Structures are given as structure tokens and as C-alpha cells.
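Novice: Contents of final-v4.txt (compact mmCIF, C-alpha atoms) are below:
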```
# COMPACT_ATOMS: atom_id res chain seq x y z
CA MET D 507 80.28 173.38 -123.59
CA GLU D 508 84.01 172.76 -123.48
CA GLN D 509 86.08 175.60 -124.88
CA ARG D 510 89.55 175.50 -126.41
CA THR D 511 92.02 178.24 -127.27
CA LEU D 512 91.80 179.10 -130.95
CA GLY D 513 95.46 179.00 -131.93
CA LYS D 514 97.32 182.29 -131.72
CA THR D 515 94.11 184.30 -131.36
CA ALA D 516 94.14 183.59 -127.59
CA ARG D 517 90.34 183.46 -127.81
CA SER D 518 88.39 180.61 -126.23
CA VAL D 519 85.85 179.03 -128.54
CA SER D 520 83.36 176.20 -128.18
CA THR D 521 84.44 172.79 -129.46
CA VAL D 522 81.36 172.86 -131.67
CA GLY D 523 80.93 176.05 -133.63
CA LEU D 524 78.42 177.00 -136.30
CA GLY D 525 79.24 177.03 -139.98
CA THR D 526 76.98 179.52 -141.73
CA TRP D 527 77.33 178.65 -145.40
CA GLN D 528 73.74 177.43 -145.14
CA LEU D 529 72.62 180.90 -144.08
CA GLY D 530 73.69 182.24 -147.46
CA ALA D 531 72.03 180.79 -150.52
CA ASP D 532 74.04 177.78 -151.65
CA TRP D 533 71.96 175.12 -149.91
CA GLY D 534 68.57 176.17 -151.23
CA ASP D 535 66.53 179.06 -149.89
CA VAL D 536 66.79 180.09 -146.23
CA ASP D 537 64.21 182.40 -144.69
CA PRO D 538 65.86 185.33 -142.84
CA LYS D 539 63.76 184.67 -139.72
CA ASP D 540 64.84 181.04 -139.76
CA ALA D 541 68.49 182.07 -140.11
CA THR D 542 68.25 184.32 -137.07
CA ALA D 543 66.49 181.60 -135.09
CA ILE D 544 69.35 179.21 -135.92
CA LEU D 545 71.89 181.69 -134.53
CA HIS D 546 69.84 182.06 -131.34
CA ALA D 547 69.54 178.29 -130.94
CA ALA D 548 73.27 177.83 -131.41
CA VAL D 549 74.14 180.41 -128.76
CA ASP D 550 71.56 179.00 -126.35
CA ALA D 551 73.22 175.59 -126.78
CA GLY D 552 76.63 176.94 -125.78
CA ILE D 553 78.15 177.82 -129.15
CA ASN D 554 80.25 181.00 -129.21
CA PHE D 555 82.05 180.59 -132.55
CA PHE D 556 80.54 181.43 -135.94
CA ASP D 557 82.29 180.82 -139.25
CA THR D 558 81.19 182.68 -142.37
CA ALA D 559 82.56 184.12 -145.63
CA ASP D 560 82.03 187.20 -147.73
CA VAL D 561 80.68 185.12 -150.62
CA TYR D 562 78.10 183.10 -148.68
CA GLY D 563 74.95 184.39 -150.30
CA ASP D 564 76.99 187.35 -151.63
CA GLY D 565 77.32 188.67 -148.07
CA ARG D 566 73.93 187.53 -146.81
CA SER D 567 75.45 185.24 -144.18
CA GLU D 568 77.72 187.98 -142.82
CA GLN D 569 74.84 190.45 -142.78
CA THR D 570 72.63 188.05 -140.84
CA ILE D 571 75.35 187.55 -138.23
CA GLY D 572 76.04 191.28 -138.05
CA ALA D 573 72.38 192.07 -137.40
CA PHE D 574 72.18 189.31 -134.80
CA LEU D 575 75.21 190.59 -132.90
CA ALA D 576 73.94 194.17 -133.08
CA ASP D 577 70.66 193.04 -131.53
CA ASN D 578 72.50 191.07 -128.83
CA PRO D 579 75.42 193.29 -127.80
CA GLY D 580 76.16 191.40 -124.58
CA LEU D 581 77.17 188.17 -126.33
CA ASP D 582 80.83 187.17 -126.47
CA ILE D 583 80.96 185.58 -129.91
CA THR D 584 84.06 185.04 -132.03
CA VAL D 585 83.33 185.44 -135.73
CA ALA D 586 85.66 184.07 -138.37
CA THR D 587 85.07 185.19 -141.92
CA LYS D 588 86.86 184.44 -145.17
CA MET D 589 87.96 186.49 -148.17
CA GLY D 590 89.47 186.03 -151.60
CA ARG D 591 86.73 184.55 -153.75
CA ARG D 592 84.96 187.71 -154.79
CA GLY D 593 87.25 188.17 -157.77
CA GLU D 594 88.91 185.95 -160.32
CA GLN D 595 91.01 183.24 -158.69
CA GLN D 596 94.42 184.43 -159.83
CA PRO D 597 97.48 184.72 -157.54
CA GLU D 598 98.15 188.29 -158.65
CA ASN D 599 94.77 189.37 -157.24
CA TYR D 600 95.81 188.63 -153.64
CA THR D 601 97.09 192.13 -152.93
CA LEU D 602 96.85 194.57 -150.05
CA ALA D 603 94.58 196.83 -152.10
CA ASN D 604 92.11 194.02 -152.78
CA PHE D 605 92.34 192.81 -149.20
CA ARG D 606 91.35 196.28 -147.97
CA GLN D 607 88.35 196.32 -150.28
CA TRP D 608 87.16 192.86 -149.29
CA ILE D 609 87.74 193.42 -145.59
CA ASP D 610 85.96 196.78 -145.59
CA ARG D 611 82.92 195.09 -147.09
CA SER D 612 82.98 192.37 -144.42
CA ARG D 613 83.36 194.95 -141.65
CA THR D 614 80.28 196.71 -142.99
CA ASN D 615 78.33 193.46 -143.26
CA LEU D 616 79.30 192.34 -139.75
CA ARG D 617 78.92 195.87 -138.30
CA VAL D 618 82.34 195.88 -136.63
CA ASP D 619 85.46 198.02 -136.88
CA THR D 620 87.85 195.09 -136.42
CA LEU D 621 87.29 191.56 -137.69
CA ASP D 622 88.13 188.82 -135.18
CA LEU D 623 89.63 186.41 -137.69
CA VAL D 624 90.00 186.61 -141.46
CA GLN D 625 90.91 183.51 -143.45
CA LEU D 626 92.15 183.29 -147.02
CA HIS D 627 89.33 181.42 -148.72
CA CYS D 628 90.92 178.50 -150.57
CA PRO D 629 93.03 180.61 -152.96
CA PRO D 630 95.30 179.20 -155.70
CA SER D 631 97.94 176.98 -154.13
CA SER D 632 100.85 179.33 -154.83
CA VAL D 633 99.27 182.02 -152.64
CA TYR D 634 99.99 180.00 -149.49
CA SER D 635 103.74 180.38 -150.12
CA ASP D 636 103.73 184.06 -151.12
CA ALA D 637 105.51 186.14 -148.48
CA GLU D 638 103.95 189.36 -149.80
CA VAL D 639 100.48 188.01 -149.05
CA TYR D 640 101.39 187.51 -145.39
CA ASP D 641 103.06 190.92 -145.28
CA ALA D 642 99.78 192.44 -146.46
CA LEU D 643 97.85 190.56 -143.78
CA ASP D 644 100.34 191.71 -141.13
CA THR D 645 99.76 195.29 -142.31
CA LEU D 646 96.02 194.92 -141.80
CA VAL D 647 96.60 193.61 -138.29
CA SER D 648 98.88 196.54 -137.46
CA GLU D 649 96.23 198.95 -138.77
CA GLY D 650 93.51 197.40 -136.62
CA ALA D 651 91.31 196.20 -139.48
CA ILE D 652 91.72 192.58 -138.40
CA ARG D 653 92.89 190.98 -135.15
CA ASN D 654 94.14 187.69 -136.54
CA TYR D 655 94.36 185.82 -139.81
CA GLY D 656 94.40 182.24 -140.98
CA VAL D 657 93.83 180.12 -144.06
CA SER D 658 91.15 177.81 -145.36
CA VAL D 659 92.61 175.04 -147.50
CA GLU D 660 91.54 172.27 -149.83
CA ARG D 661 94.70 170.15 -149.55
CA THR D 662 97.13 169.14 -146.85
CA ASP D 663 100.17 170.44 -148.76
CA GLU D 664 98.56 173.90 -148.79
CA ALA D 665 98.18 173.73 -145.01
CA MET D 666 101.81 172.73 -144.59
CA ALA D 667 102.93 175.63 -146.79
CA ALA D 668 100.91 178.11 -144.72
CA LEU D 669 102.38 176.76 -141.48
CA LYS D 670 105.79 178.06 -142.53
CA HIS D 671 104.58 181.61 -141.89
CA GLY D 672 104.82 182.43 -138.20
CA ASN D 673 101.81 184.70 -137.75
CA ILE D 674 99.22 182.24 -139.06
CA ALA D 675 96.69 181.81 -136.26
CA THR D 676 94.41 179.11 -137.68
CA ILE D 677 93.95 176.57 -140.43
CA GLN D 678 90.51 175.55 -141.61
CA ILE D 679 90.51 172.17 -143.31
CA ILE D 680 88.05 169.47 -144.39
CA LEU D 681 88.15 166.74 -141.76
CA ASN D 682 85.62 164.02 -141.14
CA ALA D 683 85.29 160.26 -140.90
CA PHE D 684 85.64 160.02 -144.69
CA ARG D 685 88.55 162.47 -144.93
CA LEU D 686 91.41 161.37 -142.67
CA LYS D 687 94.51 162.63 -144.44
CA PRO D 688 94.88 165.77 -142.23
CA LEU D 689 95.45 163.52 -139.20
CA ASP D 690 98.80 162.32 -140.44
CA GLU D 691 100.77 165.52 -140.80
CA VAL D 692 98.71 168.70 -140.60
CA LEU D 693 97.21 168.32 -137.11
CA PRO D 694 100.51 167.43 -135.38
CA ALA D 695 102.35 170.25 -137.15
CA ALA D 696 99.65 172.79 -136.34
CA LYS D 697 99.61 171.78 -132.70
CA ALA D 698 103.39 172.17 -132.49
CA ALA D 699 103.12 175.64 -134.04
CA ASP D 700 100.25 176.77 -131.76
CA VAL D 701 97.94 177.05 -134.75
CA GLY D 702 94.24 176.34 -134.25
CA ILE D 703 92.47 173.74 -136.38
CA ILE D 704 88.93 174.49 -137.55
CA ALA D 705 87.37 171.31 -138.95
CA ARG D 706 84.93 172.00 -141.75
CA VAL D 707 82.53 169.80 -143.73
CA PRO D 708 82.35 167.50 -140.68
CA LEU D 709 79.28 165.66 -141.94
CA ALA D 710 80.46 165.38 -145.55
CA SER D 711 77.69 167.74 -146.69
CA GLY D 712 75.12 165.79 -144.71
CA LEU D 713 76.15 162.27 -145.75
CA LEU D 714 77.22 161.50 -142.19
CA SER D 715 73.86 162.60 -140.85
CA GLY D 716 72.63 159.16 -141.86
CA LYS D 717 69.48 160.71 -143.32
CA TYR D 718 70.18 160.28 -147.04
CA SER D 719 69.34 157.42 -149.37
CA LYS D 720 69.79 156.71 -153.07
CA ASP D 721 66.39 158.35 -153.57
CA THR D 722 67.31 161.62 -151.85
CA THR D 723 67.08 164.66 -154.12
CA PHE D 724 68.40 168.16 -153.64
CA ALA D 725 67.15 171.52 -154.89
CA GLU D 726 68.48 172.83 -158.18
CA ASN D 727 70.31 175.65 -156.36
CA ASP D 728 71.82 173.29 -153.75
CA HIS D 729 75.53 172.59 -154.31
CA ARG D 730 74.90 168.93 -153.41
CA ASN D 731 73.04 168.81 -156.70
CA TYR D 732 75.11 170.98 -159.04
CA ASN D 733 78.67 170.47 -157.74
CA ARG D 734 79.02 166.72 -157.30
CA THR D 735 81.73 166.58 -159.95
CA GLY D 736 83.37 169.87 -158.97
CA SER D 737 81.97 171.79 -161.93
CA ALA D 738 81.29 174.94 -159.86
CA PHE D 739 84.09 174.79 -157.23
CA ASP D 740 86.38 172.24 -155.63
CA VAL D 741 84.65 168.87 -155.43
CA GLY D 742 85.95 168.37 -151.90
CA GLU D 743 83.40 170.92 -150.71
CA THR D 744 80.53 168.63 -151.76
CA PHE D 745 80.28 165.31 -149.93
CA SER D 746 84.03 165.74 -149.19
CA GLY D 747 84.71 164.65 -152.75
CA VAL D 748 83.21 161.24 -152.01
CA ASP D 749 81.06 159.58 -154.66
CA PHE D 750 77.49 159.80 -153.35
CA SER D 751 76.64 156.11 -153.75
CA THR D 752 79.95 155.01 -152.20
CA GLY D 753 79.33 157.44 -149.36
CA LEU D 754 75.92 155.91 -148.66
CA THR D 755 77.51 152.48 -148.38
CA ALA D 756 80.16 153.78 -146.00
CA VAL D 757 77.57 155.57 -143.87
CA LYS D 758 75.73 152.31 -143.30
CA GLU D 759 78.95 150.83 -141.95
CA PHE D 760 79.59 153.90 -139.81
CA GLU D 761 76.10 153.64 -138.32
CA GLY D 762 77.02 150.22 -137.02
CA LEU D 763 79.72 151.84 -134.86
CA VAL D 764 77.43 154.41 -133.23
CA PRO D 765 76.49 153.69 -129.60
CA ASP D 766 72.90 153.80 -128.37
CA GLY D 767 71.55 157.21 -127.48
CA VAL D 768 73.78 159.06 -129.96
CA THR D 769 72.75 160.05 -133.47
CA THR D 770 74.94 159.31 -136.47
CA ALA D 771 75.67 163.01 -136.93
CA GLN D 772 76.57 163.48 -133.27
CA ALA D 773 78.95 160.52 -133.39
CA ALA D 774 80.62 161.96 -136.50
CA ILE D 775 81.09 165.35 -134.81
CA ALA D 776 82.23 163.84 -131.51
CA TRP D 777 84.81 161.74 -133.35
CA ILE D 778 86.36 164.90 -134.81
CA ILE D 779 86.36 166.71 -131.46
CA ALA D 780 88.33 163.80 -129.99
CA GLN D 781 91.15 164.12 -132.55
CA ASP D 782 94.29 165.59 -131.03
CA GLY D 783 94.88 169.13 -132.27
CA VAL D 784 91.32 169.99 -133.29
CA THR D 785 90.07 173.26 -131.81
CA SER D 786 86.53 173.53 -133.11
CA VAL D 787 84.22 171.69 -135.50
CA ILE D 788 81.85 173.84 -137.56
CA PRO D 789 78.82 171.90 -138.79
CA GLY D 790 76.17 173.94 -140.52
CA ALA D 791 72.47 173.92 -139.77
CA ARG D 792 69.37 174.69 -141.78
CA THR D 793 66.98 174.35 -138.86
CA VAL D 794 66.91 175.15 -135.17
CA GLU D 795 66.70 171.44 -134.41
CA GLN D 796 69.87 170.73 -136.37
CA ALA D 797 71.74 173.49 -134.55
CA ARG D 798 70.74 172.10 -131.17
CA ALA D 799 71.52 168.50 -132.10
CA ASN D 800 74.94 169.42 -133.48
CA ALA D 801 75.82 171.31 -130.31
CA ALA D 802 74.76 168.33 -128.21
CA ALA D 803 77.51 166.28 -129.86
CA ALA D 804 79.95 168.06 -127.56
CA ASP D 805 78.30 166.35 -124.59
CA THR D 806 78.78 162.81 -125.84
CA GLY D 807 82.45 162.67 -124.86
CA ALA D 808 84.94 160.29 -126.47
CA LEU D 809 83.15 157.35 -128.03
CA GLY D 810 85.93 154.83 -127.57
CA ALA D 811 88.75 153.12 -129.39
CA GLU D 812 86.43 150.82 -131.33
CA LEU D 813 84.83 153.75 -133.14
CA ASN D 814 88.28 155.09 -134.02
CA LYS D 815 89.36 151.71 -135.39
CA GLY D 816 86.12 151.34 -137.28
CA VAL D 817 86.48 154.73 -138.94
CA SER D 818 89.98 153.83 -140.13
CA LYS D 819 88.77 150.52 -141.56
CA ILE D 820 85.91 152.19 -143.43
CA TYR D 821 88.29 154.80 -144.83
CA ASP D 822 90.83 152.21 -145.94
CA ARG D 823 88.16 150.04 -147.52
CA HIS D 824 86.33 152.71 -149.50
CA PHE D 825 88.38 155.88 -149.83
CA ARG D 826 92.09 155.59 -149.13
CA GLU D 827 93.39 154.67 -152.57
CA ALA D 828 90.48 155.55 -154.83
CA ILE D 829 89.63 159.03 -153.54
CA HIS D 830 91.84 160.32 -150.74
CA PRO D 831 95.29 158.70 -150.78
CA ARG D 832 96.43 159.01 -147.20
CA TRP D 833 100.06 158.00 -147.66
```
How does this structure look as C-alpha cells?
Specialist:
Amino acid sequence: MEQRTLGKTARSVSTVGLGTWQLGADWGDVDPKDATAILHAAVDAGINFFDTADVYGDGRSEQTIGAFLADNPGLDITVATKMGRRGEQQPENYTLANFRQWIDRSRTNLRVDTLDLVQLHCPPSSVYSDAEVYDALDTLVSEGAIRNYGVSVERTDEAMAALKHGNIATIQIILNAFRLKPLDEVLPAAKAADVGIIARVPLASGLLSGKYSKDTTFAENDHRNYNRTGSAFDVGETFSGVDFSTGLTAVKEFEGLVPDGVTTAQAAIAWIIAQDGVTSVIPGARTVEQARANAAAADTGALGAELNKGVSKIYDRHFREAIHPRW
């Protein structure tokens, strides 16, 4: 699989990574054996970049990855984790003391002395502009607790605020065929600053898999059931903030753009990979088959200008003004 340099980390990562939110407990139950099998399948398919967080399954995702890496010490895997959502979401809680506590827990879960990449996990917007926060992160780098740090954001203005701080290595942002706003400003600015872009929610929580219908139901403990209106956390994390029924309509139009021999999900992932400035796309997987199919999207290559034009038309028709104002 093609690899790209992950911003200022200087590490080479696969263009398709593995998001491991699903290996926690927020997408229904996941058997530990199945979770490990998914990690194996991803690596076998050429993936060498895992993204996790300390709150995915209250550490379950990190622990699964840590055990997997301990059992496979010869693998060269870059692991990005996230911190900042274990306590109340208040700007004053983003302190060096709390960072140490959260990072020590992640180091234990992942069974490492130094974390490859730690990202602020969608904190309150003011945190992205707080110089003391970045000073604390620089301290942790100097002490060897972390190698690099970045941010995970909900909004483009948060990404632009973070880019003003020179040691930011990466920005993780929602980017998919239904969420185009990052293309306008964030990706060009990040590229100019040598900051890696990690594209999350690439399938709009599965909408862009093309497998859902108006009759699809989700488990009670699946965020696609309980967070559609943003009652538990930011609505952008669930179906990219897109109304489910509107999303189904848009997916049908997207399917008409997909060439033969490529699945809808693979086309959606390949489209993101082709965007200038993207380093890695991190779809999740709940099965071995999904992990393999997602990785195969990297082999499809660019799918042509017509797909790009079609995506823009779908976005303008359904989402631009009503949901995600682009301009």
C-alpha cells in the first residue's frame, strides 16, 4: 500500500489506516477475539496506522491494540491515540497535570513507554488557541512521554486555530463526500505547514457503505441510534451530522458515480485519498471482511474527474446550505 509522511512525525503511514472506535463499545458489542482478528486482517492488508482514543470502550480499544502489538513485536505500526474526554469538558481541565494522568493511562493500556502520537480529543474550542496547552504538550515531548502531538477537531475554524502553533504534527478532521468544507481552507493550510491530515468518519458512520436503507436499525448502544441529534456528543460524529433520510438519498446518487468493480465504500475512501493534502484515511471495521475491503480501496487509484464533479454536485444539492455551509 502507498505510504505518506505523517506531517511533522516523519513517520510513513499507509494511506488507509484503521480507526478503532468500533473496537471499544460504542458501536454495539465487539468480541475480543473478533477485535484482534480485525487488527491482524488490517496489517495483512498493508495497514500500518491505527487510530484510537483513551475513551473508546473506556480504554478497551487501546488495550486490544497494546496486547496485539505485544504479541507481534516485529510489526512497525504507528499508533495515534487521543486524550481529553475522560473528564468534564472545561478549558481549565486541559492542564499538564491532567495530561500526565491521561497519558500515563494510555501508555499502560498500549504497553509502551512513549506514545507515537497524542491528539487533543475535540476539546472546547478555546483550547485550540491556548498557548499554555501547547507548552504542556511540548513538555511531555521533551520528557519522552510522547513523540508528537496533534489535534482532533469538529470544525474548520478549530483546525485553523491549531495550525498557528508550530509544533502541531497532525490534524484529524471529519472529511468525506458529504463533508467537503475542509477542502477549502484547512487542507491547503495544513499542507503548507507540513501538518498531516488524518481523515476520519470517511463513510459517514456507514452511510457511504451503500448498505443502509430506511428500514435499517441499530443496536440500542450504537451511537448511530442514540446520537443522531447530538444528544450524547457532537452530532458530526454520527452520519457526519447528515440527516439519515437525506443521507440515504444522497448515497443513491453517489452510487451512480461508482465505476464497475469498485464498491461504494471503496469509492468513498479512494475519493478522500485523492484529495491533495490528505495523509491517511481511517475507516473503522467491525469485521475482518470490512477491514480487508477498506484497505483494498487504496488499490483503486484515482477514480476520475467525473466522480469529483459528481461529489460536489451532490454536496451542493443536499448539504451545502442546509447542513454544512461551505462558504
Novice: Give me the residues near Asn673 in chain D as a ChimeraX atom specification, where near means some atom within 12 Å (using only C-alpha atoms) and where sequence neighbours in that chain fewer than 2 positions away do not count.
Specialist: /D:513-515,637,639-645,647,653-657,668-671,675-677,699-702
Novice: May I have the residues at most 8 Å from (65.1, 175.3, -140.0) in the file's coordinates, counting all atoms listed in the file, as number ranges by chain?
Specialist: D: 540-541, 544, 791-796
Novice: Which residues, written as an MDAnalysis selection string, have at least one atom at most 10 Å from range 806-809 of chain D, with all atoms listed in the file counted and residues fewer than 2 positions away on the same chain left out?
Specialist: chainID D and resid 763:765 767:768 772:781 802:804 811:814
Novice: Which residues, written as a ChimeraX atom specification, have at least one atom at most 7 Å from Arg730 in chain D, with all atoms listed in the file counted and residues fewer than 4 positions away on the same chain left out?
Specialist: /D:724,734,744
Novice: Select, from D:Ala651, D:Ile820, D:Ala695, D:Leu545, the residue with the minimum atom-to-atom distance to Met666 in chain D, counting only C-alpha atoms.
Specialist: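 With only C-alpha atoms as the atom set, the closest residue is D:Ala695.
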Novice: Residues within 6 Å of range 547-555 of chain D, please, as an mmCIF file with C-alpha atoms, keeping the file's coordinate frame. Count all atoms listed in the file; anything in the same chain fewer than 4 positions from it doesn't count.
Specialist:
```
data_model
loop_
_atom_site.group_PDB
_atom_site.id
_atom_site.type_symbol
_atom_site.label_atom_id
_atom_site.label_comp_id
_atom_site.auth_asym_id
_atom_site.auth_seq_id
_atom_site.Cartn_x
_atom_site.Cartn_y
_atom_site.Cartn_z
ATOM 1 C CA MET D 507 80.280 173.380 -123.590
ATOM 2 C CA VAL D 519 85.850 179.030 -128.540
ATOM 3 C CA SER D 520 83.360 176.200 -128.180
ATOM 4 C CA GLY D 523 80.930 176.050 -133.630
ATOM 5 C CA ILE D 583 80.960 185.580 -129.910
ATOM 6 C CA THR D 584 84.060 185.040 -132.030
ATOM 7 C CA VAL D 585 83.330 185.440 -135.730
ATOM 8 C CA VAL D 794 66.910 175.150 -135.170
ATOM 9 C CA ALA D 797 71.740 173.490 -134.550
#
```
Novice: Please measure the separation of CA of Ser746 in chain D and CA of Leu681 in chain D, giving the value in Å to one decimal.
Specialist: 8.6 Å
Novice: Quick check, in Å to one decimal: how far apart do CA of Thr614 in chain D and CA of Ile703 in chain D lie?
Specialist: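 Taking CA of Thr614 in chain D as the start and CA of Ile703 in chain D as the end point, the length is 26.8 Å.
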Novice: Show me, as a count of residues only, the residues that have an atom within 12 Å of Ile679 in chain D when counting only C-alpha atoms, minus same-chain residues fewer than 6 positions from it.
Specialist: 39
Novice: In Å to one decimal, how far is CA of Arg566 in chain D from CA of Asp619 in chain D?
Specialist: 18.5 Å
Novice: Measuring atom to atom with only C-alpha atoms, identify which of D:Ser567, D:Tyr600, D:Leu575, D:Phe750 is nearest to Thr723 in chain D.
Specialist: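 Using only C-alpha atoms, the shortest distance to Thr723 in chain D belongs to D:Phe750.
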Novice: Please write out, as AutoDock Vina command-line options, where the centre of an axis-aligned box around all listed atoms of range 801-820 of chain D lies and how long its edges are, in Å to one decimal, after adding 6 Å on each side.
Specialist:
```
--center_x 82.4 --center_y 160.9 --center_z -134.0 --size_x 27.2 --size_y 32.8 --size_z 30.8
```
Novice: Can you sort out range 628-646 of chain D so it carries N, CA, C and O atoms, written as a PDB file, in the coordinates of the input?
Specialist:
```
ATOM      1  N   CYS D 628      90.525 179.497-149.581  1.00  0.00           N
ATOM      2  CA  CYS D 628      90.920 178.500-150.570  1.00  0.00           C
ATOM      3  C   CYS D 628      91.428 179.146-151.867  1.00  0.00           C
ATOM      4  O   CYS D 628      90.884 178.891-152.955  1.00  0.00           O
ATOM      5  N   PRO D 629      92.480 179.963-151.766  1.00  0.00           N
ATOM      6  CA  PRO D 629      93.030 180.610-152.960  1.00  0.00           C
ATOM      7  C   PRO D 629      93.846 179.625-153.794  1.00  0.00           C
ATOM      8  O   PRO D 629      94.022 178.460-153.394  1.00  0.00           O
ATOM      9  N   PRO D 630      94.370 180.058-154.947  1.00  0.00           N
ATOM     10  CA  PRO D 630      95.300 179.200-155.700  1.00  0.00           C
ATOM     11  C   PRO D 630      96.460 178.767-154.806  1.00  0.00           C
ATOM     12  O   PRO D 630      96.904 179.506-153.932  1.00  0.00           O
ATOM     13  N   SER D 631      96.959 177.566-155.028  1.00  0.00           N
ATOM     14  CA  SER D 631      97.940 176.980-154.130  1.00  0.00           C
ATOM     15  C   SER D 631      99.181 177.835-153.925  1.00  0.00           C
ATOM     16  O   SER D 631      99.748 177.885-152.822  1.00  0.00           O
ATOM     17  N   SER D 632      99.623 178.540-154.951  1.00  0.00           N
ATOM     18  CA  SER D 632     100.850 179.330-154.830  1.00  0.00           C
ATOM     19  C   SER D 632     100.716 180.468-153.834  1.00  0.00           C
ATOM     20  O   SER D 632     101.721 180.951-153.291  1.00  0.00           O
ATOM     21  N   VAL D 633      99.493 180.900-153.565  1.00  0.00           N
ATOM     22  CA  VAL D 633      99.270 182.020-152.640  1.00  0.00           C
ATOM     23  C   VAL D 633      99.740 181.664-151.234  1.00  0.00           C
ATOM     24  O   VAL D 633     100.245 182.524-150.498  1.00  0.00           O
ATOM     25  N   TYR D 634      99.620 180.403-150.846  1.00  0.00           N
ATOM     26  CA  TYR D 634      99.990 180.000-149.490  1.00  0.00           C
ATOM     27  C   TYR D 634     101.490 180.150-149.217  1.00  0.00           C
ATOM     28  O   TYR D 634     101.906 180.168-148.056  1.00  0.00           O
ATOM     29  N   SER D 635     102.286 180.259-150.271  1.00  0.00           N
ATOM     30  CA  SER D 635     103.740 180.380-150.120  1.00  0.00           C
ATOM     31  C   SER D 635     104.243 181.779-150.457  1.00  0.00           C
ATOM     32  O   SER D 635     105.461 182.006-150.479  1.00  0.00           O
ATOM     33  N   ASP D 636     103.350 182.708-150.690  1.00  0.00           N
ATOM     34  CA  ASP D 636     103.730 184.060-151.120  1.00  0.00           C
ATOM     35  C   ASP D 636     103.950 184.959-149.905  1.00  0.00           C
ATOM     36  O   ASP D 636     102.997 185.339-149.211  1.00  0.00           O
ATOM     37  N   ALA D 637     105.189 185.331-149.647  1.00  0.00           N
ATOM     38  CA  ALA D 637     105.510 186.140-148.480  1.00  0.00           C
ATOM     39  C   ALA D 637     104.804 187.495-148.513  1.00  0.00           C
ATOM     40  O   ALA D 637     104.439 188.042-147.456  1.00  0.00           O
ATOM     41  N   GLU D 638     104.602 188.053-149.708  1.00  0.00           N
ATOM     42  CA  GLU D 638     103.950 189.360-149.800  1.00  0.00           C
ATOM     43  C   GLU D 638     102.499 189.303-149.334  1.00  0.00           C
ATOM     44  O   GLU D 638     101.974 190.290-148.805  1.00  0.00           O
ATOM     45  N   VAL D 639     101.854 188.175-149.520  1.00  0.00           N
ATOM     46  CA  VAL D 639     100.480 188.010-149.050  1.00  0.00           C
ATOM     47  C   VAL D 639     100.434 188.126-147.527  1.00  0.00           C
ATOM     48  O   VAL D 639      99.587 188.823-146.956  1.00  0.00           O
ATOM     49  N   TYR D 640     101.362 187.472-146.858  1.00  0.00           N
ATOM     50  CA  TYR D 640     101.390 187.510-145.390  1.00  0.00           C
ATOM     51  C   TYR D 640     101.824 188.892-144.890  1.00  0.00           C
ATOM     52  O   TYR D 640     101.342 189.349-143.847  1.00  0.00           O
ATOM     53  N   ASP D 641     102.694 189.543-145.643  1.00  0.00           N
ATOM     54  CA  ASP D 641     103.060 190.920-145.280  1.00  0.00           C
ATOM     55  C   ASP D 641     101.831 191.824-145.320  1.00  0.00           C
ATOM     56  O   ASP D 641     101.645 192.690-144.446  1.00  0.00           O
ATOM     57  N   ALA D 642     100.997 191.638-146.336  1.00  0.00           N
ATOM     58  CA  ALA D 642      99.780 192.440-146.460  1.00  0.00           C
ATOM     59  C   ALA D 642      98.836 192.159-145.293  1.00  0.00           C
ATOM     60  O   ALA D 642      98.241 193.092-144.712  1.00  0.00           O
ATOM     61  N   LEU D 643      98.713 190.909-144.915  1.00  0.00           N
ATOM     62  CA  LEU D 643      97.850 190.560-143.780  1.00  0.00           C
ATOM     63  C   LEU D 643      98.412 191.132-142.482  1.00  0.00           C
ATOM     64  O   LEU D 643      97.654 191.633-141.637  1.00  0.00           O
ATOM     65  N   ASP D 644      99.725 191.106-142.312  1.00  0.00           N
ATOM     66  CA  ASP D 644     100.340 191.710-141.130  1.00  0.00           C
ATOM     67  C   ASP D 644     100.060 193.213-141.075  1.00  0.00           C
ATOM     68  O   ASP D 644      99.834 193.779-139.999  1.00  0.00           O
ATOM     69  N   THR D 645     100.064 193.851-142.243  1.00  0.00           N
ATOM     70  CA  THR D 645      99.760 195.290-142.310  1.00  0.00           C
ATOM     71  C   THR D 645      98.338 195.552-141.812  1.00  0.00           C
ATOM     72  O   THR D 645      98.093 196.496-141.041  1.00  0.00           O
ATOM     73  N   LEU D 646      97.410 194.738-142.218  1.00  0.00           N
ATOM     74  CA  LEU D 646      96.020 194.920-141.800  1.00  0.00           C
ATOM     75  C   LEU D 646      95.841 194.693-140.304  1.00  0.00           C
ATOM     76  O   LEU D 646      95.013 195.345-139.669  1.00  0.00           O
TER      77      LEU D 646
END
```
